[in-house]
Structure formats: structure tokens, C-alpha cells
Amino acid sequence: MSVTEAQIRDVLRKLPDPEIGRNLIDLDMVKAVRFNADMTEIQIELPTPAYPRKERIGEAVEAAIKRELPQTVNPVATYCWDVKGKNTGGAIGLKVKNVVAVGSGKGGVGKSTIAASLAYGLHLAGAKVGVMDADIYGPSIPHLFGVNRRPEMIEEHGPNGEVIQRIEPIEINGIKLISIGFLIGADEPVVVRGPILHRTITQFLQQTSWGPLDYLIIDLPPGTGDVSLTLSQLLGLAGAVVVCTPQQLALLDAVKALNMYQKVKIPVLGMVENMTGEIFGRGGAKKKAEQMGVPFLGEVPINAQIRVNGDGGLIADNFAEGAASREPLIHMCERVAIEIAKTLLETPTMPTLEIL
């Protein structure tokens, strides 16, 4: 007696996704079921290409079908992916599925390195990624990516045929970048007041030709100042990642950042502990995340090569095969990606933004 697609889907309705906890059918992760003489293919659609240890799903699917429907011909799980997102930038013309802010309560904790690493890791997984350097007073993204050229202005046609001037983002390693650092000299300070800061952030979002992106990573300035408020008013972010080091002094400021994001209705995706090791200690951020009821996204060890690669504009080398930083960084990227997907799948409707 032949097996039907409905029977297979009934089996998978009892199988929870290992990360999100709901069954594969309710999550719409079973993209297709195909039968041929040699194999029964069950295609699983992942909500992000950076899904951690996706083979767990395939192994569970194959085992469940063999157990419940032993007459099935050679069940094999295959994978595809489609990044899920709130498309929250649509109101201001962005074609970005997920806008993610990376911030910290204080400077000096490696926030920009984590932001650049998050972008590169998601790109490495297969996603379309951009980085917006919103740290206007201390832009680091150009240096971390080893770029010092000026972006070009291009003309695009609007929906009514009008000509619109836009900034062409710098693209390196397949990642699109924009930063005030591309527009000023390396040693030139930025001296602007709040209204100009707001306008610059708005221009970077609206007047840059980002094109379709799965993730736009925004490197925030340290602290709890104007930029986060501006972003919360312009668009609903997929969430914020808080970067801190393990010691108590940094954690005190990280808590302020967490509370600020919650106040302006920016979902907190979790905390990353950077520079873990004997100098600053270990585990402080994980403990604080548990106390605050937010996810812990992983720890990145203090490592001289990360600093050397950052100084040399070689952020991609931190992901090279054999690099000590590769696995911790990939783990961090996967945790961020799955928290974004969980936030979307667990809360399908957009929260109302509080305009302050």
C-alpha cells in the first residue's frame, strides 16, 4: 500500500522544530513531499540559512517516517531556506526583511567588531546582508572591512518615473556598506548636533540604494542616545543585540541599554559576551541575560588574531577554516538568526511603536 503526502504530513505534525518548539507543519517548514521509485523526498524550508545544526531536523524527520510509516520508500530530508522577516522598512522604502541593531551600554567592548562579524557570518551562510554604520562620531565599519573609497551617487527611477538621487553603497565580500567614514577623512572629527544626526541616519536608511536584503545590520553608537530613538521612530526593528564584556562594570551599562531598547519597543534578541577570557573573566553576560530574561547569544573569546584582523581590515579572516574565532562567531551568528526567526514566528503581528 503506497504512502500519501497527507500521511507524511500527519506524522510531521507531531514533530517539533528543535529551536522554535512548534511542529513543522504549523511552522510551514515542510515545503514539499516528492515520491519517485528510489526515494521519498521531504523538503524542509528553514527560516534562515544560518539555522544551527539543521541536520537535527532531517534526522528526526527520517526517523519518524521510518517508525510511523515503515512502508515509505527511502525517506530523505533535503533543505532549502527562505529568510522570514517583518519587512518593517517598507514604510520608508526599504526592501529589507530584518533590520537588526547592534549596540552596547558603553564603548570599548568590541561592538563594531561583533556587528561586522554578524554581517559576515550571515553572508557566509547565504543571506543577502548590508551594514549601516550609525556610529556617526566614531565610525569603525570602513576600517574593519578594509575600505577607504567614497561611495558614488546614482540615479534611480521612482514609482511615477521621477529621477531620484541615491547613494550607491560600497560592496565588499558581497556585503553592502554605508558609513559617514566613507565621506570624511580618516582623521576628521564629526561635529554635529542632534537634528543633523537624525537627518544623517534618515538619509542613510532612505537614500541609500540597498536593494533587497535579508538582513540590514546597524552598528549603533555606544550608550543610550539619540540614534536608537531615531530608529525606533523610523521603523520597527527585528530586534537589538547587546554586546558587553564579562566584568561587572560593563554589565551595569549593558543593563541600561537593554532597558532603553525595551522602553522604545525594540525587541531584545539577546546578549553577546565579547572578549571572554582570563583578562575580563567569563560568564558575566550569560548570568545577566538569565537574570534579565533575555537570550544569551554566545561568547567570543579574547583573541589576539581577532584584533590583528580587525586592525588590518580583514574581518573575513576571522571565519577562515582553522581560525580559533570561527566556531564562536558562527555560533553567535546562528543564535542571532534563530532568535529573529523565533520573534517573528512567535509574534506574527507587529507591536505598536511608541513615538517619544
# chains A, B, ... in the order shown; residues from 1 in each chain; ligands from 1
>>> select_by_dssp(residues="segment 113-335 of chain A", states="alpha helix (DSSP H)", output="PyMOL selection string")
chain A and resi 113-125+141-144+194-206+226-234+248-263+284-292+304-311+326-335
>>> residues_around(residues="Leu237 of chain A", least_positions_apart="2", cutoff="8 Å", atoms="only C-alpha atoms", output="list in words")
Thr88, Asn98, Val99, Val100, Ala101, Leu231, Ser232, Leu235, Gly239, Ala240, Ile266 and Pro267 of chain A
>>> closest_residue(among="A:Pro151, A:Gly93, A:Gly130, A:Gly146", to="Leu177 of chain A", atoms="only C-alpha atoms")
A:Gly130
>>> residues_around(residues="segment 251-262 of chain A", least_positions_apart="5", cutoff="9 Å", atoms="only C-alpha atoms", output="PyMOL selection string")
chain A and resi 103-106+222-224+228-229+232+239-240+242-246+267-268+270-271+284-285+288+292
>>> closest_residue(among="A:Asn318, A:Gln248, A:Thr343, A:Asn274", to="Pro295 of chain A", atoms="only C-alpha atoms")
A:Thr343
>>> residues_around(residues="segment 297-304 of chain A", least_positions_apart="5", cutoff="6 Å", atoms="only C-alpha atoms", output="JSON, numbers by chain")
{"A": [270, 271, 272, 273, 274, 275, 276, 277, 328, 332, 335]}
>>> residues_around(residues="segment 166-172 of chain A", least_positions_apart="4", cutoff="6 Å", atoms="only C-alpha atoms", output="MDAnalysis selection string")
chainID A and resid 151:154 176:178 207:209
>>> atom_distance(atom1="atom CA of Gly121 of chain A", atom2="atom CA of Pro142 of chain A")
17.3 Å
>>> residues_around(residues="Thr40 of chain A", least_positions_apart="2", cutoff="6 Å", atoms="only C-alpha atoms", output="PyMOL selection string")
chain A and resi 34-35+73-75
>>> write_last_selection(atoms="C-alpha atoms", output="PDB file, in the first residue's frame")
ATOM      1  CA  ARG A  34       8.034  14.179  -3.613  1.00  0.00           C
ATOM      2  CA  PHE A  35       7.826  10.496  -4.492  1.00  0.00           C
ATOM      3  CA  VAL A  73      10.469   4.155   0.187  1.00  0.00           C
ATOM      4  CA  ASN A  74      13.815   5.555   1.440  1.00  0.00           C
ATOM      5  CA  PRO A  75      12.665   8.797   3.145  1.00  0.00           C
TER       6      PRO A  75
END
